[in-house]
Structure formats: structure tokens, C-alpha cells
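Source file model.txt; content: compact mmCIF, N, CA and C atoms.
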```txt
# COMPACT_ATOMS: atom_id res chain seq x y z
N MET A 1 1.73 -88.92 4.28
CA MET A 1 2.65 -87.84 4.52
C MET A 1 4.07 -88.28 4.27
N THR A 2 4.83 -87.35 3.82
CA THR A 2 6.23 -87.67 3.61
C THR A 2 7.02 -87.36 4.86
N SER A 3 8.00 -88.13 5.04
CA SER A 3 8.81 -87.92 6.22
C SER A 3 9.79 -86.78 5.97
N ALA A 4 10.30 -86.19 7.02
CA ALA A 4 11.19 -85.04 6.93
C ALA A 4 12.52 -85.39 6.26
N PRO A 5 13.16 -86.55 6.58
CA PRO A 5 14.43 -86.86 5.91
C PRO A 5 14.26 -87.05 4.41
N ALA A 6 13.15 -87.61 3.96
CA ALA A 6 12.93 -87.81 2.52
C ALA A 6 12.78 -86.47 1.83
N ALA A 7 12.11 -85.53 2.44
CA ALA A 7 11.92 -84.21 1.85
C ALA A 7 13.26 -83.48 1.76
N GLU A 8 14.11 -83.63 2.74
CA GLU A 8 15.43 -82.98 2.71
C GLU A 8 16.32 -83.59 1.64
N SER A 9 16.23 -84.90 1.48
CA SER A 9 17.08 -85.53 0.46
C SER A 9 16.64 -85.09 -0.94
N LYS A 10 15.32 -84.88 -1.15
CA LYS A 10 14.86 -84.37 -2.44
C LYS A 10 15.31 -82.93 -2.64
N LYS A 11 15.39 -82.15 -1.59
CA LYS A 11 15.82 -80.76 -1.66
C LYS A 11 17.32 -80.69 -1.98
N ASN A 12 18.12 -81.59 -1.43
CA ASN A 12 19.57 -81.60 -1.65
C ASN A 12 19.95 -82.17 -3.01
N LEU A 13 19.05 -82.92 -3.63
CA LEU A 13 19.34 -83.54 -4.91
C LEU A 13 19.65 -82.50 -5.99
N PRO A 14 18.86 -81.44 -6.15
CA PRO A 14 19.21 -80.44 -7.17
C PRO A 14 20.52 -79.71 -6.84
N GLN A 15 20.81 -79.50 -5.59
CA GLN A 15 22.07 -78.83 -5.21
C GLN A 15 23.27 -79.71 -5.56
N SER A 16 23.15 -80.99 -5.31
CA SER A 16 24.27 -81.89 -5.62
C SER A 16 24.45 -82.04 -7.12
N ARG A 17 23.35 -82.00 -7.88
CA ARG A 17 23.46 -82.05 -9.35
C ARG A 17 24.15 -80.80 -9.87
N SER A 18 23.77 -79.66 -9.38
CA SER A 18 24.38 -78.42 -9.86
C SER A 18 25.86 -78.37 -9.47
N PHE A 19 26.20 -78.85 -8.28
CA PHE A 19 27.60 -78.91 -7.87
C PHE A 19 28.37 -79.85 -8.81
N PHE A 20 27.78 -80.97 -9.13
CA PHE A 20 28.42 -81.94 -10.03
C PHE A 20 28.64 -81.33 -11.41
N LEU A 21 27.64 -80.63 -11.93
CA LEU A 21 27.76 -80.01 -13.25
C LEU A 21 28.82 -78.92 -13.25
N ILE A 22 28.88 -78.14 -12.20
CA ILE A 22 29.89 -77.09 -12.10
C ILE A 22 31.28 -77.72 -12.04
N ALA A 23 31.42 -78.79 -11.26
CA ALA A 23 32.71 -79.47 -11.15
C ALA A 23 33.14 -80.03 -12.50
N VAL A 24 32.21 -80.64 -13.22
CA VAL A 24 32.53 -81.18 -14.55
C VAL A 24 32.91 -80.04 -15.50
N ALA A 25 32.21 -78.93 -15.43
CA ALA A 25 32.51 -77.79 -16.30
C ALA A 25 33.90 -77.22 -15.99
N VAL A 26 34.25 -77.12 -14.72
CA VAL A 26 35.55 -76.59 -14.34
C VAL A 26 36.67 -77.53 -14.82
N ILE A 27 36.47 -78.81 -14.65
CA ILE A 27 37.48 -79.77 -15.10
C ILE A 27 37.61 -79.73 -16.62
N GLY A 28 36.49 -79.69 -17.31
CA GLY A 28 36.52 -79.62 -18.78
C GLY A 28 37.21 -78.35 -19.27
N LEU A 29 36.92 -77.24 -18.64
CA LEU A 29 37.56 -75.98 -19.01
C LEU A 29 39.05 -76.02 -18.72
N SER A 30 39.42 -76.65 -17.64
CA SER A 30 40.85 -76.78 -17.31
C SER A 30 41.58 -77.57 -18.40
N PHE A 31 40.98 -78.68 -18.84
CA PHE A 31 41.61 -79.45 -19.91
C PHE A 31 41.65 -78.66 -21.21
N ALA A 32 40.58 -77.89 -21.48
CA ALA A 32 40.54 -77.10 -22.71
C ALA A 32 41.62 -76.02 -22.72
N LEU A 33 41.95 -75.47 -21.57
CA LEU A 33 42.96 -74.43 -21.52
C LEU A 33 44.37 -74.97 -21.34
N PHE A 34 44.52 -75.93 -20.44
CA PHE A 34 45.86 -76.33 -20.03
C PHE A 34 46.28 -77.71 -20.51
N GLY A 35 45.44 -78.43 -21.21
CA GLY A 35 45.78 -79.78 -21.67
C GLY A 35 46.80 -79.76 -22.80
N ASP A 36 47.20 -80.94 -23.27
CA ASP A 36 48.19 -81.07 -24.34
C ASP A 36 47.74 -80.38 -25.63
N LYS A 37 46.44 -80.36 -25.85
CA LYS A 37 45.92 -79.73 -27.05
C LYS A 37 45.08 -78.51 -26.69
N GLY A 38 45.37 -77.91 -25.56
CA GLY A 38 44.61 -76.78 -25.06
C GLY A 38 44.98 -75.47 -25.72
N ALA A 39 44.28 -74.44 -25.33
CA ALA A 39 44.46 -73.12 -25.93
C ALA A 39 45.86 -72.56 -25.65
N LEU A 40 46.39 -72.76 -24.48
CA LEU A 40 47.72 -72.25 -24.17
C LEU A 40 48.79 -72.95 -25.01
N ARG A 41 48.65 -74.24 -25.17
CA ARG A 41 49.60 -74.99 -26.00
C ARG A 41 49.51 -74.54 -27.46
N LEU A 42 48.30 -74.30 -27.92
CA LEU A 42 48.10 -73.83 -29.29
C LEU A 42 48.79 -72.48 -29.48
N HIS A 43 48.68 -71.61 -28.50
CA HIS A 43 49.33 -70.30 -28.56
C HIS A 43 50.85 -70.46 -28.62
N GLN A 44 51.41 -71.36 -27.81
CA GLN A 44 52.85 -71.61 -27.82
C GLN A 44 53.30 -72.14 -29.17
N VAL A 45 52.53 -73.05 -29.74
CA VAL A 45 52.88 -73.63 -31.04
C VAL A 45 52.85 -72.56 -32.13
N LYS A 46 51.87 -71.67 -32.07
CA LYS A 46 51.79 -70.60 -33.06
C LYS A 46 52.98 -69.65 -32.93
N GLN A 47 53.39 -69.34 -31.71
CA GLN A 47 54.56 -68.49 -31.52
C GLN A 47 55.82 -69.16 -32.05
N HIS A 48 55.97 -70.44 -31.78
CA HIS A 48 57.14 -71.19 -32.27
C HIS A 48 57.14 -71.23 -33.80
N LYS A 49 55.97 -71.39 -34.38
CA LYS A 49 55.87 -71.41 -35.84
C LYS A 49 56.30 -70.06 -36.42
N ALA A 50 55.88 -68.96 -35.78
CA ALA A 50 56.26 -67.63 -36.25
C ALA A 50 57.78 -67.43 -36.15
N GLN A 51 58.39 -67.93 -35.07
CA GLN A 51 59.84 -67.83 -34.92
C GLN A 51 60.56 -68.63 -36.00
N LEU A 52 60.07 -69.83 -36.26
CA LEU A 52 60.68 -70.67 -37.30
C LEU A 52 60.54 -70.02 -38.67
N LEU A 53 59.40 -69.43 -38.93
CA LEU A 53 59.19 -68.77 -40.22
C LEU A 53 60.13 -67.58 -40.39
N ALA A 54 60.31 -66.80 -39.33
CA ALA A 54 61.24 -65.67 -39.40
C ALA A 54 62.67 -66.16 -39.64
N HIS A 55 63.05 -67.23 -38.96
CA HIS A 55 64.39 -67.80 -39.14
C HIS A 55 64.56 -68.33 -40.56
N TYR A 56 63.52 -68.98 -41.08
CA TYR A 56 63.55 -69.49 -42.45
C TYR A 56 63.74 -68.35 -43.45
N GLN A 57 63.02 -67.26 -43.26
CA GLN A 57 63.14 -66.12 -44.17
C GLN A 57 64.54 -65.52 -44.12
N GLN A 58 65.12 -65.46 -42.91
CA GLN A 58 66.48 -64.95 -42.77
C GLN A 58 67.47 -65.86 -43.52
N LEU A 59 67.27 -67.16 -43.39
CA LEU A 59 68.14 -68.10 -44.10
C LEU A 59 67.98 -67.97 -45.61
N GLN A 60 66.77 -67.73 -46.07
CA GLN A 60 66.54 -67.54 -47.51
C GLN A 60 67.30 -66.31 -48.00
N GLN A 61 67.27 -65.22 -47.22
CA GLN A 61 68.00 -64.01 -47.60
C GLN A 61 69.50 -64.26 -47.62
N ASP A 62 69.98 -64.99 -46.62
CA ASP A 62 71.41 -65.32 -46.58
C ASP A 62 71.80 -66.15 -47.80
N ASN A 63 70.97 -67.10 -48.17
CA ASN A 63 71.25 -67.93 -49.34
C ASN A 63 71.32 -67.10 -50.61
N GLU A 64 70.40 -66.16 -50.76
CA GLU A 64 70.40 -65.30 -51.95
C GLU A 64 71.67 -64.46 -52.00
N ARG A 65 72.07 -63.92 -50.85
CA ARG A 65 73.29 -63.12 -50.78
C ARG A 65 74.50 -63.98 -51.15
N LEU A 66 74.55 -65.19 -50.62
CA LEU A 66 75.68 -66.07 -50.91
C LEU A 66 75.69 -66.52 -52.38
N ARG A 67 74.52 -66.73 -52.95
CA ARG A 67 74.46 -67.08 -54.38
C ARG A 67 75.02 -65.94 -55.23
N GLY A 68 74.67 -64.72 -54.85
CA GLY A 68 75.20 -63.56 -55.56
C GLY A 68 76.71 -63.46 -55.43
N GLU A 69 77.22 -63.75 -54.24
CA GLU A 69 78.66 -63.70 -54.04
C GLU A 69 79.36 -64.80 -54.83
N ILE A 70 78.77 -65.98 -54.87
CA ILE A 70 79.34 -67.07 -55.67
C ILE A 70 79.38 -66.67 -57.15
N GLU A 71 78.30 -66.08 -57.61
CA GLU A 71 78.23 -65.64 -59.01
C GLU A 71 79.32 -64.60 -59.30
N ALA A 72 79.48 -63.65 -58.38
CA ALA A 72 80.49 -62.61 -58.57
C ALA A 72 81.90 -63.20 -58.53
N LEU A 73 82.14 -64.12 -57.61
CA LEU A 73 83.47 -64.73 -57.53
C LEU A 73 83.76 -65.59 -58.76
N SER A 74 82.73 -66.14 -59.36
CA SER A 74 82.92 -67.00 -60.54
C SER A 74 83.14 -66.21 -61.82
N HIS A 75 82.56 -65.01 -61.91
CA HIS A 75 82.56 -64.32 -63.21
C HIS A 75 83.10 -62.89 -63.18
N ASP A 76 83.35 -62.31 -62.05
CA ASP A 76 83.76 -60.91 -61.98
C ASP A 76 85.18 -60.82 -61.41
N GLU A 77 86.14 -60.58 -62.30
CA GLU A 77 87.54 -60.54 -61.88
C GLU A 77 87.82 -59.37 -60.94
N ARG A 78 87.16 -58.24 -61.16
CA ARG A 78 87.38 -57.09 -60.27
C ARG A 78 86.91 -57.41 -58.85
N TYR A 79 85.82 -58.14 -58.73
CA TYR A 79 85.32 -58.51 -57.40
C TYR A 79 86.29 -59.48 -56.73
N VAL A 80 86.84 -60.42 -57.49
CA VAL A 80 87.82 -61.37 -56.94
C VAL A 80 89.04 -60.59 -56.45
N GLU A 81 89.49 -59.61 -57.23
CA GLU A 81 90.63 -58.80 -56.82
C GLU A 81 90.32 -58.01 -55.55
N GLN A 82 89.13 -57.45 -55.47
CA GLN A 82 88.73 -56.67 -54.29
C GLN A 82 88.72 -57.56 -53.04
N VAL A 83 88.18 -58.76 -53.18
CA VAL A 83 88.14 -59.68 -52.03
C VAL A 83 89.55 -60.09 -51.63
N ALA A 84 90.39 -60.39 -52.60
CA ALA A 84 91.77 -60.79 -52.30
C ALA A 84 92.53 -59.65 -51.62
N ARG A 85 92.34 -58.42 -52.10
CA ARG A 85 93.03 -57.28 -51.50
C ARG A 85 92.57 -57.04 -50.06
N SER A 86 91.27 -57.11 -49.83
CA SER A 86 90.78 -56.80 -48.48
C SER A 86 91.01 -57.95 -47.51
N THR A 87 90.91 -59.18 -47.98
CA THR A 87 91.04 -60.33 -47.08
C THR A 87 92.51 -60.63 -46.77
N PHE A 88 93.34 -60.62 -47.80
CA PHE A 88 94.73 -61.06 -47.64
C PHE A 88 95.73 -59.91 -47.71
N ASN A 89 95.24 -58.68 -47.77
CA ASN A 89 96.11 -57.49 -47.84
C ASN A 89 97.08 -57.58 -49.01
N LEU A 90 96.60 -58.00 -50.15
CA LEU A 90 97.44 -58.13 -51.34
C LEU A 90 97.56 -56.78 -52.04
N VAL A 91 98.70 -56.60 -52.73
CA VAL A 91 98.92 -55.38 -53.51
C VAL A 91 99.49 -55.78 -54.86
N ARG A 92 99.35 -54.89 -55.80
CA ARG A 92 99.94 -55.11 -57.12
C ARG A 92 101.41 -54.74 -57.08
N ASP A 93 102.14 -55.25 -58.07
CA ASP A 93 103.55 -54.88 -58.18
C ASP A 93 103.65 -53.38 -58.41
N GLY A 94 104.53 -52.75 -57.65
CA GLY A 94 104.76 -51.32 -57.83
C GLY A 94 103.83 -50.43 -57.02
N GLU A 95 102.82 -50.98 -56.38
CA GLU A 95 101.92 -50.16 -55.57
C GLU A 95 102.60 -49.80 -54.25
N ILE A 96 102.32 -48.62 -53.78
CA ILE A 96 102.84 -48.18 -52.50
C ILE A 96 101.67 -48.05 -51.53
N ILE A 97 101.81 -48.64 -50.39
CA ILE A 97 100.76 -48.61 -49.38
C ILE A 97 101.12 -47.55 -48.35
N TYR A 98 100.20 -46.65 -48.10
CA TYR A 98 100.38 -45.63 -47.07
C TYR A 98 99.49 -46.02 -45.89
N GLN A 99 100.10 -46.11 -44.74
CA GLN A 99 99.34 -46.41 -43.54
C GLN A 99 99.40 -45.20 -42.62
N PHE A 100 98.25 -44.78 -42.16
CA PHE A 100 98.17 -43.64 -41.28
C PHE A 100 97.71 -44.10 -39.91
N SER A 101 98.42 -43.63 -38.92
CA SER A 101 97.98 -43.99 -37.56
C SER A 101 97.03 -42.92 -37.06
N SER A 102 96.08 -43.32 -36.30
CA SER A 102 95.14 -42.35 -35.77
C SER A 102 95.79 -41.66 -34.58
N SER A 103 95.87 -40.37 -34.64
CA SER A 103 96.53 -39.63 -33.55
C SER A 103 95.48 -39.19 -32.54
N ALA A 104 95.83 -39.34 -31.28
CA ALA A 104 94.92 -38.93 -30.20
C ALA A 104 95.15 -37.45 -29.93
N ARG A 105 94.09 -36.69 -29.96
CA ARG A 105 94.21 -35.24 -29.73
C ARG A 105 93.64 -34.87 -28.43
```

Please lay out the structure from this file as C-alpha cells.
Amino acid sequence: MTSAPAAESKKNLPQSRSFFLIAVAVIGLSFALFGDKGALRLHQVKQHKAQLLAHYQQLQQDNERLRGEIEALSHDERYVEQVARSTFNLVRDGEIIYQFSSSAR
């Protein structure tokens, strides 16, 4: 005959194994979600990549606009005159400037 304590220890063995497996699964899942290479970190990296890509595209557009302005300043005399007039308030000889004040009604 088997003794009562031996039978109880055999009964508790499967419970302790299942508890151990559940604990290992929870720890593994925690590392998979929250670790350095986990799902949350991957999501953050993807968001940062999207932000960098948007910023890169904006910079590319700015560069294209500036290249066009450089080209115009290098070869278009009317554009150079327009920039000089608007930036430095330049006028040609004999031109009369009319300034109107905005009246409050």
C-alpha cells in the first residue's frame, strides 16, 4: 500500500508543473512584449521611421524649391529684380511710390 503523503505528493506534482509552465509562459510573453526587441519597441521604431521619412520628404521638397530659386536667381533677371524690389524696397529711377494707409472704419 502506498502511504498517504506519497499519494498527495504525486497529486501535487502535476499542479506544480502546470504552475511552472504558466509562470514561464507569462515571463516569456512579458519579454516578447516589453523587452528591448519586443513588440512595443518594434511599434515605436516603426513610428519613428515614419516620422523620419516624412521629414526626409519635406527636406527633399525644400531642396527642390531652393534649387529652382537658385536657377532663377542665376538666369532670370526679372526674378532678381523682383526679389531685390520686395526684399530691399528698391525702385527704379523716376518711379513714384504710393503708400496707402489702411483706414479704420

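The space separating atom N of Ile97 in chain A from atom C of Asp76 in chain A comes to 23.4 Å.
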
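One distance worth recording is that between CA of Phe88 in chain A and CA of Glu69 in chain A, which is 17.5 Å.
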
**Request:** For CA of Asp93 in chain A and CA of Glu77 in chain A, determine how far apart the two atoms are, in Å to one decimal place.
**Result:**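 Taking CA of Asp93 in chain A as the start and CA of Glu77 in chain A as the end point, the length is 17.4 Å.
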
**Request:** Would you mind writing down, as JSON, numbers by chain, each residue of chain A that DSSP on the backbone assigns to helix (DSSP H, G or I)?
**Result:** {"A": [4, 5, 6, 7, 8, 9, 10, 11, 12, 13, 14, 15, 16, 17, 18, 19, 20, 21, 22, 23, 24, 25, 26, 27, 28, 29, 30, 31, 32, 33, 34, 39, 40, 41, 42, 43, 44, 45, 46, 47, 48, 49, 50, 51, 52, 53, 54, 55, 56, 57, 58, 59, 60, 61, 62, 63, 64, 65, 66, 67, 68, 69, 70, 71, 72, 73, 74, 75, 77, 78, 79, 80, 81, 82, 83, 84, 85, 86, 87, 88]}
